[in-house]
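Asks: Pasting a structure below so you can have a look.
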2 protein chains.
Amino acid sequence: MIELPTTSRQIRSLVTADGHLELSIATIDLPVPAATEVLVRVEAAPINPSDLGLLLAMADVSQATSTGSGDATVVTAPIAPAVMKGLAARVGESMPVGNEGAGTVVAAGASPEAQALLGKLVGFVGGATYGEHRAAAAFMCMELPAGATAAQGASCFVNPLTALSMVENMRMDGHTALVHTAAASNLGQMLNRICIADGVQLVNIVRRPEQAEILRDQGAEHIVDSSSPTFLDDLTAALVTTGATIAFDAIGGGKLAGQILGCMEAAANSKGGEYSRYGSDVYKQVFVYGGLDRGPTELTRNFGMSWGLNGWLLTPFLGKLGLDGMLRLRQRVADELTTTFTSHYTDEVSLVGALDVTAIQTYAKQATGQKFLIRPV
Amino acid sequence: MIELPTTSRQIRSLVTADGHLELSIATIDLPVPAATEVLVRVEAAPINPSDLGLLLAMADVSQATSTGSGDATVVTAPIAPAVMKGLAARVGESMPVGNEGAGTVVAAGASPEAQALLGKLVGFVGGATYGEHRAAAAFMCMELPAGATAAQGASCFVNPLTALSMVENMRMDGHTALVHTAAASNLGQMLNRICIADGVQLVNIVRRPEQAEILRDQGAEHIVDSSSPTFLDDLTAALVTTGATIAFDAIGGGKLAGQILGCMEAAANSKGGEYSRYGSDVYKQVFVYGGLDRGPTELTRNFGMSWGLNGWLLTPFLGKLGLDGMLRLRQRVADELTTTFTSHYTDEVSLVGALDVTAIQTYAKQATGQKFLIRPV
């Protein structure tokens with residue numbers, strides 16, 4: 001039996017009433033797992049874009065400053081008044097952070113499903129993963145395949161299930177091919193591998209030539225670069241070829257979402273047919289699932305009346321997919337963890353290292369190819 | 001039996017390859033109704049916003065010029081190159097115009113449902129209503145109630161079914177109150193009467209104080225003026241009171257659609273509850289059903305991830321509602337044609353009068369309170 005400590009350290013994010021973000025390290029009593037829970041010693045946890053909202057509270061990290069050192073480090077950064085309006089519900093509450101991670105089950109509740117995981121290396125989801133220990137529902141743990149490391153299992157939920165859900169959502173809504181923006185991201189590379197394996201046509205939109213190169217090297221067939229002067233023509237041509245009428249957009253701000261809808265409309269109209277005063281009756285959908293550009297979204301509505309632009313989140317979609325569907329996706333992730341669902345990290349940091357001002361300013365950028373892994377223990 | 005002419009006159013809209021709109025009067029052979037059709041002598045047809053796309057092809061009517069007179073009148077106006085791209089499918093094709101109208105059935109096909117309408121005054125939908133005669137499916141005709149005039153029945157489809165469908169759509173998607181923009185329009189006034197009758201809470205958004213006055217005089221409870229400096233606060237307060245989470249927007253361009261989503265989010269968050277990093281999980285919907293502002297739509301995405309902005313058209317919605325639902329709505333329109341579904345017209349014009357340049361420039365503006373009725377015969 002592993003000797004357990006009595007306390008555990010974790011990263012905390014606090015929004016103060018006077019409009020500041022404060023990041024710190026807290027020491028808490030070691031969590032005690034309930035009957036259906038396990039206690040995971042967290043060995044690796046990724047910093048995903050979906051973690052940054054809670055962690056950084058949209059503070060201006062370019063103005064971040066730090067005091068103290070080691071576990072006494074406190075990082076402070078200002079939050080704009082307009083942003084503070086949306087944060088009222090969390091002011092004054094010191095919040096643990098981190099959606100997912102991986103580590104060893106060092107204690108377990110009395111239930112058979114919890115006991116079955118004792119001593120196993122698992123990936124799990126459920127919050128507060130940027131800490132040394134986390135009590136997690138056994139149901140939310142995935143035993144890693146033999147030989148896999150905690151680092152390999154750290155991102156086994158959010159990105160894999162998001163990428164798989166995009167393809168599921170495409171099918172559920174009756175589309176046959178899809179578009180993805182910020183396509184050279186870890187998630188985008190994963191989606192590209194899924195689509196190649198499943199024979200689904202994917203239009204990858206990137207923002208720089210070197211990102212196109214990454215995807216081309218991985219066998220992507222349809223890659224368009226939004227920085228190219230021929231972008232709109234290139235995108236329309238790829239949409240004509242693939243027939244994609246649904247897109248998942250990580251960027252949100254700027255003109256891209258509207259351009260995708262406009263090019264889908266041009267692609268639909270290029271197939272001929274009768275003139276309709278309301279535009280093509282082909283339904284065109286863009287789901288915004290991220291906010292790499294926090295600026296306003298601008299739509300030039302040159303895409304008729306049959307279109308949708310909607311927010312998209314993983315959890316409600318999994319609810320729509322149902323338990324059987326979710327278990328099917330999880331099984332595929334477990335089976336292909338080190339192939340299809342590989343993640344790459346450029347930086348590994350400790351809990352204290354994650355509070356380094358330069359590190360924060362780096363991961364806050366969400367730059368393609370730059371990805372941090374926290375090593376809590 | 002009414003003596004029938006052998007020919008019939010109708011308005012035509014043509015887009016030329018060199019980028020011009022041409023409006024003219026054509027003389028055609030009198031249409032012969034098929035077995036299930038009737039021949040309507042069109043006595044009144046409204047110019048609805050939904051007619052303008054086909055009629056005016058987004059030409060710059062401020063530069064319209066006219067030659068000839070009477071049936072030889074030809075109006076010409078330039079079309080911007082960017083707009084021409086979307087019109088390729090109709091270039092060179094002289095198209096009849098007009099979605100709906102009312103008149104007397106002067107001939108009928110052999111089927112019993114067509115024969116039953118002979119001699120009756122009907123409202124009908126089906127295109128080419130800006131002409132003296134139109135063969136229309138008997139199924140698409142509604143016999144007007146005793147004592148109603150053609151003018152009263154001219155708008156018995158598009159606006160009434162659109163307004164009723166907004167309330168139906170609200171219920172179908174699980175919302176309990178709704179928002180409407182350009183709320184002092186004929187359609188908006190109709191929707192206000194429906195909501196009062198049905199006990200549905202409606203937030204009316206208008207753009208000028210005098211429009212607010214029109215609705216207040218008609219018993220509207222929640223009216224907010226987007227030209228007011230307190231607009232966002234007023235709208236949020238009305239959304240808190242009513243709980244409206246779905247909006248129908250006639251304007252499309254500018255910031256309004258995004259402001260509605262933002263205020264819905266603020267209203268949802270004002271009800272307290274736990275902080276969520278992804279915003280409120282209350283689903284917020286704006287349907288864009290018109291384009292009074294053709295400029296870009298600008299969304300400041302301060303409304304979390306649970307939202308949708310979608311194009312909306314009547315016909316696909318009626319398809320979703322199904323035949324029984326549509327017949328139920330039509331029956332209500334027939335029953336309440338001269339009360340709930342009253343329309344007001346400020347101008348009546350002949351076919352030739354509809355081609356008067358000043359008239360065109362007036363109805364192209366779609367100004368609230370200004371509505372044209374064409375009197376083909």
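Letters for chains follow the order of the structure tokens (A, B, ...), residue numbers begin at 1 for each chain, and ligand numbers begin at 1 in the order shown.
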Residues of chain A within 6 Å of chain B: nearest atom pair and distance (Å, one decimal) for each, counting only C-alpha atoms, sorted by chain and number, as a tab-separated table?
Replies:
```
residue	atom	partner	partner_atom	distance
A:Gly53	CA	B:Arg277	CA	5.9
A:Leu54	CA	B:Arg277	CA	5.5
A:Ala89	CA	B:Tyr275	CA	4.9
A:Arg90	CA	B:Tyr275	CA	5.7
A:Tyr275	CA	B:Ala89	CA	5.0
A:Arg277	CA	B:Leu54	CA	5.5
A:Pro296	CA	B:Thr300	CA	4.5
A:Thr297	CA	B:Leu299	CA	4.9
A:Glu298	CA	B:Glu298	CA	4.7
A:Leu299	CA	B:Thr297	CA	4.9
A:Thr300	CA	B:Pro296	CA	4.5
A:Met305	CA	B:Gly311	CA	4.6
A:Ser306	CA	B:Gly311	CA	5.4
A:Trp307	CA	B:Gly311	CA	5.3
A:Gly308	CA	B:Asn310	CA	4.2
A:Leu309	CA	B:Leu309	CA	5.2
A:Asn310	CA	B:Gly308	CA	4.2
A:Gly311	CA	B:Met305	CA	4.6
```
Asks: With N, CA and C atoms retained, export the selected residues as a PDB file, in the first residue's frame.
Replies:
```pdb
ATOM      1  N   GLY A  53     -10.310  29.920 -19.500  1.00  0.00           N
ATOM      2  CA  GLY A  53     -11.375  30.802 -19.026  1.00  0.00           C
ATOM      3  C   GLY A  53     -11.424  30.814 -17.506  1.00  0.00           C
ATOM      4  N   LEU A  54     -11.433  29.633 -16.923  1.00  0.00           N
ATOM      5  CA  LEU A  54     -11.488  29.545 -15.464  1.00  0.00           C
ATOM      6  C   LEU A  54     -10.162  29.976 -14.844  1.00  0.00           C
ATOM      7  N   ALA A  89     -20.373  36.072 -10.369  1.00  0.00           N
ATOM      8  CA  ALA A  89     -20.693  34.858  -9.610  1.00  0.00           C
ATOM      9  C   ALA A  89     -19.453  34.195  -9.001  1.00  0.00           C
ATOM     10  N   ARG A  90     -18.246  34.578  -9.430  1.00  0.00           N
ATOM     11  CA  ARG A  90     -17.054  33.915  -8.878  1.00  0.00           C
ATOM     12  C   ARG A  90     -16.185  34.845  -8.054  1.00  0.00           C
ATOM     13  N   TYR A 275     -32.917  29.594 -59.697  1.00  0.00           N
ATOM     14  CA  TYR A 275     -32.653  30.760 -58.862  1.00  0.00           C
ATOM     15  C   TYR A 275     -33.665  30.826 -57.725  1.00  0.00           C
ATOM     16  N   ARG A 277     -34.822  33.474 -54.595  1.00  0.00           N
ATOM     17  CA  ARG A 277     -34.613  34.821 -54.055  1.00  0.00           C
ATOM     18  C   ARG A 277     -34.071  34.772 -52.634  1.00  0.00           C
ATOM     19  N   PRO A 296     -15.032  41.022 -31.999  1.00  0.00           N
ATOM     20  CA  PRO A 296     -16.376  40.804 -32.536  1.00  0.00           C
ATOM     21  C   PRO A 296     -16.367  39.872 -33.743  1.00  0.00           C
ATOM     22  N   THR A 297     -17.448  39.135 -33.905  1.00  0.00           N
ATOM     23  CA  THR A 297     -17.678  38.307 -35.083  1.00  0.00           C
ATOM     24  C   THR A 297     -18.406  39.160 -36.106  1.00  0.00           C
ATOM     25  N   GLU A 298     -17.882  39.201 -37.337  1.00  0.00           N
ATOM     26  CA  GLU A 298     -18.525  40.025 -38.356  1.00  0.00           C
ATOM     27  C   GLU A 298     -19.019  39.157 -39.499  1.00  0.00           C
ATOM     28  N   LEU A 299     -20.333  39.207 -39.723  1.00  0.00           N
ATOM     29  CA  LEU A 299     -20.939  38.393 -40.775  1.00  0.00           C
ATOM     30  C   LEU A 299     -21.439  39.278 -41.906  1.00  0.00           C
ATOM     31  N   THR A 300     -20.898  39.080 -43.113  1.00  0.00           N
ATOM     32  CA  THR A 300     -21.497  39.695 -44.294  1.00  0.00           C
ATOM     33  C   THR A 300     -22.486  38.674 -44.826  1.00  0.00           C
ATOM     34  N   MET A 305     -30.790  32.413 -46.543  1.00  0.00           N
ATOM     35  CA  MET A 305     -31.543  32.385 -45.286  1.00  0.00           C
ATOM     36  C   MET A 305     -31.455  31.036 -44.589  1.00  0.00           C
ATOM     37  N   SER A 306     -30.737  30.083 -45.211  1.00  0.00           N
ATOM     38  CA  SER A 306     -30.693  28.741 -44.638  1.00  0.00           C
ATOM     39  C   SER A 306     -29.318  28.514 -44.014  1.00  0.00           C
ATOM     40  N   TRP A 307     -29.164  29.006 -42.796  1.00  0.00           N
ATOM     41  CA  TRP A 307     -27.843  28.972 -42.168  1.00  0.00           C
ATOM     42  C   TRP A 307     -27.985  29.063 -40.653  1.00  0.00           C
ATOM     43  N   GLY A 308     -26.947  28.604 -39.966  1.00  0.00           N
ATOM     44  CA  GLY A 308     -26.899  28.723 -38.519  1.00  0.00           C
ATOM     45  C   GLY A 308     -25.482  28.962 -38.046  1.00  0.00           C
ATOM     46  N   LEU A 309     -25.368  29.841 -37.060  1.00  0.00           N
ATOM     47  CA  LEU A 309     -24.097  30.072 -36.360  1.00  0.00           C
ATOM     48  C   LEU A 309     -24.412  29.849 -34.894  1.00  0.00           C
ATOM     49  N   ASN A 310     -23.801  28.844 -34.297  1.00  0.00           N
ATOM     50  CA  ASN A 310     -24.184  28.458 -32.943  1.00  0.00           C
ATOM     51  C   ASN A 310     -22.968  28.190 -32.076  1.00  0.00           C
ATOM     52  N   GLY A 311     -23.091  28.495 -30.794  1.00  0.00           N
ATOM     53  CA  GLY A 311     -22.075  28.070 -29.839  1.00  0.00           C
ATOM     54  C   GLY A 311     -22.098  26.552 -29.715  1.00  0.00           C
TER      55      GLY A 311
END
```
Asks: Would you kindly return, as a list in words, each protein, DNA or RNA residue with an atom no farther than 6 Å from any atom of stretch 21-37 of chain B, considering only C-alpha atoms and excluding same-chain residues fewer than 5 positions away?
Replies: Thr6, Thr7, Ser8, Arg9, Gln10, Ile11, Arg12, Ser13, Leu14, Val15, Asp71, Val74, Val75, Thr76, Ala77, Gly109, Ala110, Ser111, Ala114, Ala135, Ala136, Ala137 and Ala138 of chain B
Asks: Grab the atom CA of B:Ala247 to atom CA of B:Met166 distance for me, in Å with one decimal place.
Replies: 8.9 Å
Asks: Of the candidates A:Val42, A:Thr340, A:Leu161, A:Gln115, which shows the shortest atom-to-atom distance to A:Ala197, using only C-alpha atoms?
Replies: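 The closest residue to A:Ala197 is A:Thr340.
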Asks: May I have all residues of stretch 70-195 of chain B that DSSP, computed from the backbone, assigns to strand (DSSP E), given as a PyMOL selection string?
Replies: chain B and resi 74-78+95-96+100-108+121-125+133-137+141-143+177-181
Asks: What gap, in Å, lies between atom CA of B:Leu256 and atom CA of B:Asp225?
Replies: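 So the answer is 11.5 Å.
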Asks: Please identify all polymer residues within 7 Å of A:Arg208, counting only C-alpha atoms, omitting same-chain residues fewer than 3 positions from it, and present them as a compact mmCIF listing (two decimals) with N, CA, C and O atoms, in the first residue's frame.
Replies:
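Produced file selection-v4.txt, reproduced below:
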```txt
# COMPACT_ATOMS: atom_id res chain seq x y z
N GLN A 211 1.70 25.97 -40.94
CA GLN A 211 0.67 25.11 -40.36
C GLN A 211 0.10 24.18 -41.42
O GLN A 211 -0.21 23.01 -41.14
N ALA A 212 -0.01 24.69 -42.65
CA ALA A 212 -0.46 23.84 -43.76
C ALA A 212 0.51 22.67 -43.93
O ALA A 212 0.10 21.53 -44.15
N ASP A 225 -5.37 28.08 -46.61
CA ASP A 225 -4.66 29.01 -45.73
C ASP A 225 -5.40 30.35 -45.78
O ASP A 225 -5.46 31.00 -46.83
N SER A 227 -4.53 33.10 -44.78
CA SER A 227 -3.65 34.25 -45.04
C SER A 227 -3.33 34.41 -46.52
O SER A 227 -2.69 35.36 -46.94
```
Asks: Can you tell me, as a list in words, what residues are no more than 7 Å from A:Ala244 when counting only C-alpha atoms, ignoring any on the same chain fewer than 6 positions away?
Replies: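 Result of the neighbour search: Thr176, Ala177, Leu178 and Val179 of chain A.
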Asks: Write the residues you've just listed into a file as a PDB file, in the first residue's frame, and include N, CA and C atoms for each of them.
Replies:
```pdb
ATOM      1  N   THR A 176     -22.163  15.430 -44.571  1.00  0.00           N
ATOM      2  CA  THR A 176     -21.324  14.301 -44.976  1.00  0.00           C
ATOM      3  C   THR A 176     -19.834  14.638 -44.991  1.00  0.00           C
ATOM      4  N   ALA A 177     -19.484  15.901 -44.774  1.00  0.00           N
ATOM      5  CA  ALA A 177     -18.077  16.301 -44.738  1.00  0.00           C
ATOM      6  C   ALA A 177     -18.023  17.539 -43.861  1.00  0.00           C
ATOM      7  N   LEU A 178     -16.831  17.869 -43.347  1.00  0.00           N
ATOM      8  CA  LEU A 178     -16.786  18.996 -42.420  1.00  0.00           C
ATOM      9  C   LEU A 178     -15.576  19.877 -42.619  1.00  0.00           C
ATOM     10  N   VAL A 179     -15.667  21.071 -42.008  1.00  0.00           N
ATOM     11  CA  VAL A 179     -14.609  22.085 -42.052  1.00  0.00           C
ATOM     12  C   VAL A 179     -14.123  22.296 -40.628  1.00  0.00           C
TER      13      VAL A 179
END
```
Asks: Within 10 Å of A:Leu202, counting only C-alpha atoms, which residues show up once you throw out same-chain ones fewer than 6 positions away? Write them as a ChimeraX atom specification, please.
Replies: /A:167,176-180,183,191-192,194-196,220-223,238-239,242-244,247
Asks: Extract the full set of alpha helix (DSSP H) residues from stretch 138-360 of chain A according to DSSP on the backbone, and format it as a PyMOL selection string.
Replies: chain A and resi 150-153+158-172+186-198+209-217+231-242+256-269+314-335+357-360
